[in-house]
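Coordinates from model22.txt are shown below (compact mmCIF, C-alpha atoms).
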```
# COMPACT_ATOMS: atom_id res chain seq x y z
CA MET A 205 -13.27 -12.78 -26.71
CA ASN A 206 -12.20 -15.75 -24.64
CA SER A 207 -11.62 -18.23 -27.42
CA ARG A 208 -9.93 -21.59 -27.39
CA LEU A 209 -6.45 -20.16 -27.94
CA GLU A 210 -6.78 -17.68 -25.10
CA GLN A 211 -8.13 -20.35 -22.80
CA PHE A 212 -5.26 -22.65 -23.69
CA VAL A 213 -2.60 -20.01 -22.98
CA GLN A 214 -4.31 -19.12 -19.75
CA ASP A 215 -4.37 -22.74 -18.61
CA HIS A 216 -0.73 -23.34 -19.49
CA ARG A 217 0.68 -19.91 -18.80
CA GLU A 218 3.57 -21.04 -16.58
CA GLU A 219 4.70 -23.62 -19.13
CA PHE A 220 5.41 -20.91 -21.67
CA ASP A 221 8.17 -19.41 -19.52
CA THR A 222 10.79 -21.98 -20.40
CA GLU A 223 13.80 -19.90 -21.41
CA GLU A 224 16.57 -19.24 -18.92
CA PRO A 225 18.58 -16.03 -18.92
CA ASP A 226 22.36 -16.18 -18.94
CA LYS A 227 23.82 -16.53 -15.44
CA LYS A 228 26.26 -13.71 -16.07
CA ILE A 229 23.43 -11.19 -16.09
CA TRP A 230 23.06 -11.28 -12.34
CA GLU A 231 26.77 -10.58 -11.91
CA LYS A 232 26.44 -7.52 -14.11
CA ILE A 233 23.40 -6.29 -12.22
CA ALA A 234 25.06 -6.88 -8.87
CA GLN A 235 28.02 -4.86 -10.07
CA GLU A 236 25.85 -2.01 -11.25
CA VAL A 237 23.66 -1.91 -8.20
CA ASN A 238 26.86 -1.46 -6.25
CA PRO A 239 26.14 -1.21 -2.55
CA GLY A 240 28.09 2.04 -2.49
CA LYS A 241 25.01 4.19 -2.95
CA LYS A 242 22.74 2.19 -0.67
CA LYS A 243 22.18 2.53 3.01
CA ARG A 244 23.85 -0.47 4.53
CA PRO A 245 24.81 -1.70 7.94
CA PRO A 246 28.48 -0.96 8.78
CA LEU A 247 29.45 -4.61 9.21
CA VAL A 248 28.57 -5.39 5.63
CA VAL A 249 30.37 -2.28 4.51
CA ARG A 250 33.46 -3.49 6.28
CA LEU A 251 33.56 -6.79 4.44
CA ASP A 252 33.02 -5.23 1.09
CA TRP A 253 35.52 -2.49 1.67
CA ARG A 254 38.42 -4.82 2.00
CA ARG A 255 38.13 -5.53 -1.66
CA PHE A 256 38.30 -1.94 -2.72
CA SER A 257 41.58 -0.27 -3.32
CA ALA A 258 42.77 2.58 -1.19
CA ALA A 259 42.14 4.89 -4.12
CA ALA A 260 38.46 4.06 -4.22
CA ALA A 261 38.24 4.72 -0.50
CA VAL A 262 39.73 8.15 -0.94
CA VAL A 263 37.40 9.01 -3.80
CA LEU A 264 34.35 7.92 -1.83
CA LEU A 265 35.52 9.76 1.24
CA ILE A 266 35.78 12.96 -0.76
CA ALA A 267 32.37 12.36 -2.31
CA GLY A 268 31.00 11.71 1.15
CA SER A 269 32.34 14.91 2.58
CA VAL A 270 31.09 16.92 -0.40
CA TRP A 271 27.70 15.43 0.20
CA TYR A 272 27.98 16.00 3.93
CA PHE A 273 28.54 19.72 3.57
CA GLY A 274 25.88 19.87 0.88
CA THR A 275 23.11 18.56 3.12
CA ARG A 276 24.26 20.47 6.18
CA THR A 277 23.16 23.68 4.48
CA THR A 278 19.69 23.54 5.99
CA THR A 279 21.02 23.68 9.54
CA GLN A 280 24.36 25.45 9.22
CA PRO A 281 24.96 29.21 9.27
CA PRO A 282 24.62 31.09 5.95
CA MET A 283 28.36 31.05 5.30
CA VAL A 284 28.30 27.43 4.22
CA LYS A 285 25.17 28.07 2.30
CA THR A 286 26.66 30.55 -0.08
CA GLN A 287 29.48 28.13 -0.72
CA THR A 288 27.28 25.28 -1.77
CA SER A 289 24.75 27.14 -3.85
CA PRO A 290 26.69 28.90 -6.56
CA ALA A 291 23.51 29.15 -8.64
CA GLY A 292 22.19 31.78 -6.21
CA ASP A 293 22.26 35.50 -6.87
CA GLY A 294 25.96 36.22 -6.61
CA GLY A 295 27.01 38.05 -3.47
CA LYS A 296 23.47 39.00 -2.51
CA GLN A 297 22.78 38.31 1.13
CA VAL A 298 19.88 35.95 1.50
CA ALA A 299 18.15 35.15 4.74
CA PRO A 300 18.77 31.52 5.83
CA LEU A 301 15.10 30.62 5.82
CA ALA A 302 14.59 31.91 2.31
CA GLN A 303 17.36 29.80 0.89
CA ALA A 304 16.79 26.60 2.75
CA PRO A 305 13.79 25.47 0.70
CA GLN A 306 15.74 25.97 -2.49
CA THR A 307 18.43 23.51 -1.55
CA THR A 308 16.00 20.86 -0.44
CA LYS A 309 14.05 21.32 -3.62
CA ASP A 310 17.19 20.75 -5.65
CA THR A 311 17.84 17.40 -4.07
CA THR A 312 14.31 16.21 -4.62
CA GLN A 313 14.47 17.26 -8.21
CA THR A 314 17.58 15.34 -9.02
CA ARG A 315 16.09 12.36 -7.35
CA SER A 316 12.89 12.41 -9.37
CA ASN A 317 14.64 13.13 -12.64
CA GLU A 318 15.69 9.59 -13.35
CA PRO A 319 14.92 8.71 -16.94
CA THR A 320 12.64 6.08 -18.47
CA LEU A 321 10.75 5.24 -15.32
CA ALA A 322 8.91 8.52 -15.22
CA THR A 323 5.78 7.17 -16.85
CA ILE A 324 5.31 4.25 -14.53
CA ARG A 325 6.23 5.98 -11.36
CA PRO A 326 3.53 5.89 -8.70
CA GLN A 327 1.87 9.22 -8.07
CA ASP A 328 2.03 9.40 -4.30
CA ASN A 329 5.63 10.61 -4.05
CA LYS A 330 4.81 14.10 -2.93
CA GLU A 331 3.52 13.44 0.53
CA ASP A 332 6.38 11.10 1.34
CA ASN A 333 9.05 13.43 0.12
CA LYS A 334 9.45 15.63 3.17
CA ALA A 335 9.74 12.90 5.75
CA GLY A 336 11.63 10.71 3.29
CA ASP A 337 14.16 13.39 2.54
CA LEU A 338 14.97 13.96 6.18
CA GLU A 339 15.36 10.27 6.70
CA ASN A 340 17.43 9.87 3.56
CA SER A 341 19.79 12.62 4.55
CA MET A 342 20.17 11.03 7.97
CA ASP A 343 20.74 7.66 6.39
CA GLU A 344 23.41 9.05 4.15
CA GLU A 345 25.04 10.94 7.00
CA MET A 346 25.12 7.72 8.91
CA TYR A 347 26.65 5.92 6.00
CA HIS A 348 29.31 8.59 5.82
CA TYR A 349 30.17 8.10 9.49
CA ALA A 350 30.07 4.34 9.19
CA ARG A 351 32.62 4.66 6.45
CA LEU A 352 34.91 6.84 8.53
CA VAL A 353 34.62 4.43 11.43
CA GLU A 354 35.51 1.67 9.03
CA ILE A 355 38.61 3.40 7.74
CA LYS A 356 39.83 4.21 11.24
CA HIS A 357 39.10 0.67 12.26
CA ASN A 358 41.41 -0.57 9.55
CA GLN A 359 44.11 1.82 10.68
CA LEU A 360 43.77 0.44 14.16
CA LYS A 361 44.06 -3.07 12.81
CA ALA A 362 47.55 -2.26 11.63
CA ILE A 363 48.81 -2.45 15.21
CA GLU A 364 47.38 -5.90 15.79
CA LYS A 365 50.74 -7.53 15.04
CA ASP A 366 52.91 -5.25 17.12
CA GLU A 367 50.64 -4.70 20.10
CA PRO A 368 48.15 -7.56 20.25
CA LEU A 369 47.11 -6.84 23.83
CA LEU A 370 46.50 -3.19 23.24
CA TYR A 371 44.64 -3.92 20.05
CA ARG A 372 42.36 -6.40 21.77
CA GLN A 373 41.61 -3.88 24.47
CA PHE A 374 40.84 -1.17 21.94
CA ALA A 375 38.79 -3.44 19.73
CA SER A 376 36.63 -4.58 22.61
CA ASP A 377 35.92 -0.95 23.53
CA VAL A 378 34.80 -0.20 20.01
CA SER A 379 32.80 -3.38 19.68
CA LYS A 380 30.80 -2.47 22.77
CA LEU A 381 29.61 0.64 21.04
CA ASP A 382 29.17 -1.26 17.81
CA SER A 383 26.88 -3.80 19.43
CA VAL A 384 24.74 -0.97 20.80
CA TYR A 385 24.57 0.38 17.28
CA HIS A 386 23.42 -2.94 15.88
CA ASN A 387 20.88 -3.23 18.62
CA LEU A 388 19.45 0.14 17.65
CA GLN A 389 19.52 -0.87 14.03
CA SER A 390 17.56 -4.04 14.66
CA GLN A 391 14.86 -1.97 16.34
CA LEU A 392 14.56 0.26 13.33
CA PRO A 393 12.04 -1.76 11.28
CA LYS A 394 9.45 -1.95 14.04
CA ASN A 395 10.07 1.25 15.94
CA PRO A 396 7.50 3.94 15.19
CA ASN A 397 9.82 6.78 16.13
CA ARG A 398 12.35 6.32 13.35
CA GLU A 399 13.72 9.81 13.55
CA GLN A 400 14.76 9.51 17.18
CA LEU A 401 16.26 6.12 16.59
CA LEU A 402 18.22 7.28 13.58
CA GLU A 403 19.48 10.21 15.61
CA ALA A 404 20.66 7.79 18.30
CA MET A 405 22.38 5.62 15.71
CA LEU A 406 24.11 8.64 14.32
CA GLN A 407 25.31 9.71 17.76
CA ASN A 408 26.60 6.23 18.36
CA LEU A 409 28.64 6.34 15.16
CA GLN A 410 30.03 9.72 16.14
CA LEU A 411 31.05 8.28 19.51
CA GLN A 412 32.71 5.36 17.78
CA MET A 413 34.65 7.73 15.62
CA GLY A 414 35.72 9.83 18.59
CA LEU A 415 36.90 6.75 20.43
CA LEU A 416 38.84 5.49 17.44
CA ASN A 417 40.46 8.89 17.04
CA HIS A 418 41.59 8.76 20.65
CA GLN A 419 42.95 5.29 20.26
CA LEU A 420 44.86 6.22 17.14
CA ASP A 421 46.35 9.18 18.98
CA ILE A 422 47.56 6.92 21.76
CA ILE A 423 49.13 4.60 19.22
CA LYS A 424 50.85 7.51 17.59
CA GLN A 425 52.35 8.49 20.94
CA ILE A 426 53.49 4.95 21.63
CA ASN A 427 55.11 4.69 18.25
CA HIS A 428 56.80 8.01 18.80
CA SER A 429 58.34 7.02 22.12
CA LYS A 430 59.35 3.66 20.69
CA LYS A 431 61.10 5.35 17.84
CA ALA A 432 62.92 7.66 20.25
CA GLU A 433 64.00 4.69 22.31
CA TYR A 434 65.21 2.85 19.26
CA GLU A 435 67.17 5.83 18.10
CA LYS A 436 68.73 6.20 21.53
CA ALA A 437 69.74 2.54 21.53
CA TYR A 438 71.12 2.88 18.02
CA LYS A 439 73.23 5.85 18.98
CA THR A 440 74.79 4.19 22.03
CA THR A 441 75.95 1.14 20.08
CA MET B 167 -7.93 -14.34 -18.50
CA ASN B 168 -7.05 -10.92 -17.16
CA ALA B 169 -8.85 -11.73 -13.99
CA LYS B 170 -6.81 -14.85 -13.51
CA ILE B 171 -3.48 -13.15 -13.92
CA ALA B 172 -4.53 -10.36 -11.60
CA GLU B 173 -5.46 -13.02 -9.11
CA LEU B 174 -2.09 -14.69 -9.43
CA GLU B 175 -0.37 -11.45 -8.64
CA LEU B 176 -2.58 -10.86 -5.66
CA THR B 177 -1.63 -14.10 -3.97
CA GLU B 178 1.34 -12.20 -2.59
CA PRO B 179 0.42 -9.67 0.06
CA ILE B 180 0.23 -6.37 -1.76
CA LEU B 181 0.81 -4.18 1.25
CA HIS B 182 4.07 -5.56 2.48
CA ASP B 183 6.71 -7.57 0.70
CA GLU B 184 9.44 -8.54 3.15
CA LEU B 185 11.97 -9.13 0.40
CA VAL B 186 11.36 -5.74 -1.14
CA GLU B 187 11.61 -4.11 2.27
CA SER B 188 14.95 -5.82 2.88
CA CYS B 189 16.20 -4.44 -0.43
CA LYS B 190 15.03 -0.98 0.53
CA ARG B 191 17.12 -1.30 3.67
CA GLY B 192 20.10 -2.15 1.49
CA ASP B 193 20.41 -5.87 2.19
CA SER B 194 22.47 -7.10 -0.74
CA ARG B 195 21.37 -10.69 -0.28
CA ALA B 196 17.75 -9.64 -0.73
CA PHE B 197 18.60 -8.19 -4.14
CA GLY B 198 19.87 -11.60 -5.19
CA GLU B 199 16.77 -13.32 -3.91
CA LEU B 200 14.49 -10.88 -5.65
CA TYR B 201 16.37 -11.45 -8.87
CA GLN B 202 16.10 -15.23 -8.50
CA LYS B 203 12.40 -14.93 -7.89
CA TYR B 204 11.52 -12.78 -10.89
CA SER B 205 14.30 -13.03 -13.47
CA LYS B 206 13.01 -16.04 -15.38
CA ALA B 207 9.47 -14.77 -15.83
CA MET B 208 10.74 -11.30 -16.74
CA TYR B 209 13.23 -12.70 -19.21
CA ASN B 210 10.53 -14.73 -20.96
CA THR B 211 8.22 -11.73 -21.04
CA SER B 212 10.92 -9.62 -22.67
CA LEU B 213 11.98 -12.37 -25.04
CA ARG B 214 8.45 -12.74 -26.40
CA ILE B 215 8.41 -9.06 -27.28
CA VAL B 216 11.95 -8.43 -28.55
CA ASN B 217 12.30 -11.93 -30.06
CA HIS B 218 16.08 -11.88 -29.66
CA THR B 219 17.96 -13.44 -26.74
CA GLY B 220 20.73 -10.83 -26.65
CA ASP B 221 18.24 -7.97 -26.60
CA ALA B 222 16.11 -9.69 -23.98
CA GLU B 223 19.17 -10.11 -21.77
CA ASP B 224 20.04 -6.44 -22.15
CA VAL B 225 16.48 -5.53 -21.21
CA LEU B 226 16.57 -7.84 -18.21
CA GLN B 227 19.79 -6.33 -16.94
CA GLU B 228 18.65 -2.74 -17.43
CA ALA B 229 15.23 -3.35 -15.95
CA PHE B 230 16.53 -4.92 -12.76
CA THR B 231 19.23 -2.30 -12.38
CA ASP B 232 16.70 0.50 -12.79
CA ALA B 233 14.19 -1.17 -10.50
CA PHE B 234 16.75 -1.72 -7.74
CA ARG B 235 17.96 1.83 -8.01
CA SER B 236 14.50 3.32 -7.77
CA LEU B 237 13.03 1.03 -5.13
CA GLU B 238 12.29 4.02 -2.95
CA ASP B 239 9.76 5.07 -5.57
CA PHE B 240 7.89 1.79 -5.31
CA HIS B 241 4.97 2.37 -2.97
CA TYR B 242 2.91 -0.82 -3.33
CA LYS B 243 0.44 0.73 -5.73
CA SER B 244 0.70 -2.65 -7.41
CA THR B 245 2.66 -5.76 -6.52
CA PHE B 246 6.40 -5.57 -6.98
CA GLY B 247 6.08 -8.13 -9.78
CA ALA B 248 3.58 -6.01 -11.69
CA TRP B 249 5.72 -2.91 -11.19
CA LEU B 250 8.82 -4.68 -12.41
CA LYS B 251 6.97 -6.17 -15.36
CA ARG B 252 5.91 -2.73 -16.53
CA ILE B 253 9.56 -1.67 -16.49
CA VAL B 254 10.54 -4.77 -18.45
CA ILE B 255 7.78 -4.22 -21.01
CA ASN B 256 8.57 -0.54 -21.49
CA LYS B 257 12.21 -1.34 -22.01
CA SER B 258 11.41 -4.20 -24.39
CA ILE B 259 9.24 -1.92 -26.51
CA ASN B 260 11.96 0.73 -26.55
CA GLN B 261 14.41 -1.93 -27.62
CA LEU B 262 12.14 -2.89 -30.51
CA ARG B 263 11.72 0.75 -31.51
CA LYS B 264 15.49 1.13 -31.54
CA ARG B 265 15.44 -1.49 -34.24
CA LYS B 266 13.17 0.85 -36.17
CA MET B 267 10.15 -1.34 -36.23
CA ASP B 268 7.06 0.74 -35.99
CA LEU B 269 3.62 -0.48 -35.20
CA ILE B 270 2.05 1.74 -37.80
CA ASP B 271 4.36 0.54 -40.55
CA ILE B 272 3.37 -3.00 -39.90
CA GLU B 273 -0.28 -2.07 -39.90
CA LYS B 274 0.13 -0.53 -43.36
CA THR B 275 2.28 -3.19 -44.93
CA ASN B 276 0.13 -6.03 -43.81
CA ILE B 277 -3.20 -4.76 -45.08
CA GLY B 278 -4.28 -6.98 -47.90
CA HIS B 279 -2.08 -9.86 -46.91
CA LEU B 280 -4.79 -11.28 -44.78
CA PRO B 281 -8.13 -11.71 -46.44
CA GLU B 282 -10.86 -12.10 -43.86
CA ASP B 283 -12.06 -15.47 -45.15
CA ASP B 284 -8.59 -16.91 -44.69
CA THR B 285 -9.11 -17.21 -40.95
CA PRO B 286 -8.50 -20.80 -39.91
CA ASP B 287 -11.01 -22.38 -37.60
CA GLU B 288 -9.54 -22.33 -34.13
CA ASN B 289 -11.22 -25.55 -33.20
CA GLU B 290 -9.48 -27.48 -35.96
CA ILE B 291 -5.99 -26.54 -34.87
CA ALA B 292 -4.04 -28.60 -32.40
CA LEU B 293 -2.64 -26.37 -29.69
CA ARG B 294 0.79 -27.22 -28.39
CA ILE B 295 3.01 -25.00 -26.27
CA GLU B 296 6.11 -25.40 -28.41
CA ASP B 297 4.20 -24.72 -31.63
CA ILE B 298 2.57 -21.64 -30.20
CA LYS B 299 5.91 -20.29 -29.00
CA LYS B 300 7.40 -20.82 -32.43
CA ALA B 301 4.44 -19.22 -34.18
CA VAL B 302 4.57 -16.17 -31.90
CA GLY B 303 8.22 -15.75 -32.86
CA LEU B 304 7.24 -15.68 -36.55
CA LEU B 305 4.88 -12.72 -36.14
CA PRO B 306 5.99 -9.24 -37.20
CA ASN B 307 7.14 -7.08 -34.28
CA GLY B 308 4.03 -4.92 -33.95
CA TYR B 309 1.61 -7.83 -34.02
CA ARG B 310 3.77 -9.83 -31.68
CA THR B 311 3.91 -7.03 -29.13
CA VAL B 312 0.17 -6.52 -29.03
CA LEU B 313 -0.51 -10.23 -29.00
CA THR B 314 1.89 -11.08 -26.19
CA LEU B 315 0.76 -8.20 -24.01
CA TYR B 316 -2.82 -9.37 -24.31
CA LEU B 317 -2.43 -13.12 -24.49
CA PHE B 318 0.48 -13.72 -22.13
CA GLU B 319 0.87 -10.68 -19.91
CA GLY B 320 -2.80 -10.21 -19.15
CA TYR B 321 -3.15 -6.52 -19.94
CA ASP B 322 -6.50 -5.44 -21.28
CA GLN B 323 -6.77 -3.56 -24.55
CA GLU B 324 -7.09 -0.16 -22.89
CA GLU B 325 -3.87 -0.75 -20.96
CA ILE B 326 -2.09 -1.91 -24.10
CA ALA B 327 -3.26 1.22 -25.93
CA GLU B 328 -1.75 3.29 -23.12
CA ILE B 329 1.51 1.33 -23.07
CA LEU B 330 1.98 1.60 -26.82
CA GLN B 331 0.55 5.13 -27.11
CA VAL B 332 -1.89 4.13 -29.81
CA SER B 333 -5.67 4.17 -29.99
CA HIS B 334 -7.84 1.50 -28.50
CA ALA B 335 -9.17 0.70 -31.98
CA THR B 336 -5.65 0.10 -33.27
CA VAL B 337 -4.99 -2.34 -30.49
CA ARG B 338 -8.21 -4.19 -31.20
CA THR B 339 -7.60 -4.59 -34.92
CA GLN B 340 -3.94 -5.42 -34.45
CA TYR B 341 -4.77 -8.09 -31.94
CA MET B 342 -7.35 -9.63 -34.23
CA ARG B 343 -4.94 -9.69 -37.15
CA ALA B 344 -2.10 -10.94 -35.01
CA LYS B 345 -4.21 -13.79 -33.72
CA GLN B 346 -5.37 -14.64 -37.21
CA LYS B 347 -1.80 -14.75 -38.44
CA LEU B 348 -0.75 -16.85 -35.47
CA LEU B 349 -3.46 -19.38 -36.23
CA GLN B 350 -2.36 -19.51 -39.85
CA HIS B 351 1.19 -20.30 -38.77
CA LEU B 352 -0.09 -22.97 -36.42
CA LYS B 353 -2.16 -24.50 -39.17
CA GLN B 354 0.74 -24.49 -41.63
CA GLY B 355 3.01 -25.96 -38.99
CA ALA B 356 0.58 -28.77 -38.35
CA SER B 357 -0.15 -29.66 -41.94
```

Could I get this file's structure written as structure tokens?
Amino acid sequence: MNSRLEQFVQDHREEFDTEEPDKKIWEKIAQEVNPGKKKRPPLVVRLDWRRFSAAAAVVLLIAGSVWYFGTRTTTQPPMVKTQTSPAGDGGKQVAPLAQAPQTTKDTTQTRSNEPTLATIRPQDNKEDNKAGDLENSMDEEMYHYARLVEIKHNQLKAIEKDEPLLYRQFASDVSKLDSVYHNLQSQLPKNPNREQLLEAMLQNLQLQMGLLNHQLDIIKQINHSKKAEYEKAYKTT
Amino acid sequence: MNAKIAELELTEPILHDELVESCKRGDSRAFGELYQKYSKAMYNTSLRIVNHTGDAEDVLQEAFTDAFRSLEDFHYKSTFGAWLKRIVINKSINQLRKRKMDLIDIEKTNIGHLPEDDTPDENEIALRIEDIKKAVGLLPNGYRTVLTLYLFEGYDQEEIAEILQVSHATVRTQYMRAKQKLLQHLKQGAS
């Protein structure tokens, strides 16, 4: 069947691809494949987040916490479970172990239900699903924490003008932890024990958040005493 | 020719594509690079099938968006390029079907228009890239789809039958007629 025409096309195959797509298409794709849903390193999140409005931050925070409680169901006591699985049998008491598989199944189903690609999807999903799911849920949990850290970080930044020294001190404390986090993250691609590493990264983010909370509390106290002082001075004059 | 295209795709390591892995880790720059690498070829592939720049751009956008969103389902069963191309082709065919052009309709309406003895001699026709591109664009949708999948995209007839959900025999006859018609256009264009 290899005639002259076929041979000609084969020999000049690259030369047939001459048309260029509109440059705007990439912008549209980049918008649609918004990094919001992807697992990303916190630093990149920080840069992107500046552009979002406060409203978007709130919406995502709520979505994040909804997700957070949703995935916790496999490890949390049954009380949370009944909250998050309204599809279950009403008030019937179900043993934790019996219900856990149901929730995990639900998440895998929604994930594999994406339209149009079903026919060309590779078949080897099944075996990867269990390990993948655990890792995904950890990734997403981490993303959630990274986001919180980010928001608190911005709050902290607000004092930079008023208390530059204090801010620098605080920021260097946080950045120490942050650099440990990035170190862990850079090990991730080659480290065979991903689960342990992810756990460590998660703990690091939780520490960062705890530290930031403390710092914000201190600032609150400072502001409070400042205000009192100001009021005192105002009254005496 | 199928062997050659398969070979081209295999020049990239099939087991590990660093760019794809970066995307899976959420590196937004890697998405851009992947797009730069494949967008032109994918756009031309789609354009040959849908034969309409606006539609081809829609397909391109949707295909990349879908591919990027479902990267975790890409397990190197083929190269990333081959995987992406299948998405582009499926979407292009859907786009054509949205325009209510059915393969079977074309098969029916074109019977009789092409007497067997009207086949131009391939060896007498000058082959030029621009002329061929133009002639492909003149083919009816069904013929054009089968012809481009075989001639340009390197799928064999069994694969095309599976992609289009038609019988192997239909693919064979459609390809023969499509090629015949293409040669006629080329001959008319030259004379």

9 Å contact set for Gln340 of chain B, all atoms listed in the file, chain neighbours under 2 positions out, as a ChimeraX atom specification:
/B:273,308-309,312-313,335-338,342-345

Sorted by chain and rising residue number, list the residues of chain B at most 7 Å from chain A (counting only C-alpha atoms), each with its closest atom pair and distance in Å to one decimal, as a Markdown table.
```
| residue | atom | partner | partner_atom | distance |
| --- | --- | --- | --- | --- |
| B:Met167 | CA | A:Gln214 | CA | 6.1 |
| B:Arg191 | CA | A:Lys243 | CA | 6.4 |
| B:Gly192 | CA | A:Arg244 | CA | 5.1 |
| B:Asp193 | CA | A:Arg244 | CA | 6.8 |
| B:Lys206 | CA | A:Glu224 | CA | 6.0 |
| B:Ala207 | CA | A:Asp221 | CA | 6.1 |
| B:Tyr209 | CA | A:Pro225 | CA | 6.3 |
| B:Asn210 | CA | A:Asp221 | CA | 5.4 |
| B:Glu223 | CA | A:Pro225 | CA | 6.6 |
| B:Gln227 | CA | A:Ile233 | CA | 5.9 |
| B:Thr231 | CA | A:Ile233 | CA | 5.8 |
| B:Phe234 | CA | A:Val237 | CA | 6.9 |
| B:Arg235 | CA | A:Val237 | CA | 6.8 |
| B:Asp239 | CA | A:Arg325 | CA | 6.8 |
| B:Phe240 | CA | A:Pro326 | CA | 6.9 |
| B:His241 | CA | A:Pro326 | CA | 6.9 |
| B:Lys243 | CA | A:Pro326 | CA | 6.7 |
| B:Glu288 | CA | A:Arg208 | CA | 6.8 |
| B:Ile295 | CA | A:Phe220 | CA | 6.6 |
| B:Leu317 | CA | A:Glu210 | CA | 6.3 |
```

Any idea what's packed within 10 Å of Val225 of chain B, counting all atoms listed in the file, ignoring anything in its chain fewer than 5 positions away? Could you give it as a count of residues only?
18

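Here the question is which of A:Ile423, A:Asp382, A:Asn397, A:Glu433 gets nearest to Glu364 of chain A using only C-alpha atoms, and that residue is A:Ile423.
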
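For the choices A:Tyr438, A:Asp337, A:Val270, A:Asn395, the atom-to-atom distance to Glu238 of chain B is smallest for A:Asp337 when using all atoms listed in the file.
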
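You will find atom CA of Tyr316 of chain B at 25.3 Å from atom CA of Gln202 of chain B.
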
Length of the atom CA of Ala233 of chain B to atom CA of Arg195 of chain B vector [Å]
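Interatomic distance, atom CA of Ala233 of chain B to atom CA of Arg195 of chain B: 15.7 Å.
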
Record the distance separating atom CA of Arg265 of chain B and atom CA of Leu315 of chain B, expressed in Å with one decimal.
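Going from atom CA of Arg265 of chain B over to atom CA of Leu315 of chain B covers 19.1 Å.
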
Among listed residues B:Leu250, B:Leu348, B:Leu262, B:Ala327, nearest Ser236 of chain B (using only C-alpha atoms):
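Under the stated criterion, the closest residue is B:Leu250.
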
Could you pull segment 212-216 of chain B out of the structure just shown and give all heavy atoms as an mmCIF file, in the first residue's frame?
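Heads up, here's the output in selection-v4.cif:
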```
data_model
loop_
_atom_site.group_PDB
_atom_site.id
_atom_site.type_symbol
_atom_site.label_atom_id
_atom_site.label_comp_id
_atom_site.auth_asym_id
_atom_site.auth_seq_id
_atom_site.Cartn_x
_atom_site.Cartn_y
_atom_site.Cartn_z
ATOM 1 N N SER B 212 -5.227 18.709 14.203
ATOM 2 C CA SER B 212 -6.652 19.002 14.345
ATOM 3 C C SER B 212 -7.185 19.733 13.117
ATOM 4 O O SER B 212 -8.261 19.422 12.614
ATOM 5 C CB SER B 212 -6.882 19.842 15.598
ATOM 6 O OG SER B 212 -8.242 20.177 15.696
ATOM 7 N N LEU B 213 -6.399 20.677 12.630
ATOM 8 C CA LEU B 213 -6.835 21.481 11.494
ATOM 9 C C LEU B 213 -7.081 20.618 10.249
ATOM 10 O O LEU B 213 -8.023 20.856 9.499
ATOM 11 C CB LEU B 213 -5.772 22.550 11.203
ATOM 12 C CG LEU B 213 -6.144 23.653 10.217
ATOM 13 C CD1 LEU B 213 -7.377 24.408 10.698
ATOM 14 C CD2 LEU B 213 -4.985 24.618 10.031
ATOM 15 N N ARG B 214 -6.252 19.612 10.065
ATOM 16 C CA ARG B 214 -6.457 18.731 8.908
ATOM 17 C C ARG B 214 -7.774 17.975 9.013
ATOM 18 O O ARG B 214 -8.405 17.679 8.008
ATOM 19 C CB ARG B 214 -5.292 17.735 8.785
ATOM 20 C CG ARG B 214 -4.104 18.277 7.998
ATOM 21 C CD ARG B 214 -3.087 17.187 7.726
ATOM 22 N NE ARG B 214 -2.391 16.805 8.938
ATOM 23 C CZ ARG B 214 -1.259 17.360 9.363
ATOM 24 N NH1 ARG B 214 -0.681 18.286 8.654
ATOM 25 N NH2 ARG B 214 -0.707 16.972 10.487
ATOM 26 N N ILE B 215 -8.197 17.682 10.221
ATOM 27 C CA ILE B 215 -9.449 16.938 10.383
ATOM 28 C C ILE B 215 -10.660 17.883 10.343
ATOM 29 O O ILE B 215 -11.588 17.667 9.581
ATOM 30 C CB ILE B 215 -9.445 16.133 11.700
ATOM 31 C CG1 ILE B 215 -8.341 15.074 11.662
ATOM 32 C CG2 ILE B 215 -10.801 15.460 11.914
ATOM 33 C CD1 ILE B 215 -8.121 14.363 12.972
ATOM 34 N N VAL B 216 -10.640 18.934 11.169
ATOM 35 C CA VAL B 216 -11.831 19.786 11.252
ATOM 36 C C VAL B 216 -11.913 20.792 10.104
ATOM 37 O O VAL B 216 -12.994 21.265 9.771
ATOM 38 C CB VAL B 216 -11.927 20.533 12.608
ATOM 39 C CG1 VAL B 216 -12.048 19.555 13.752
ATOM 40 C CG2 VAL B 216 -10.743 21.468 12.821
#
```
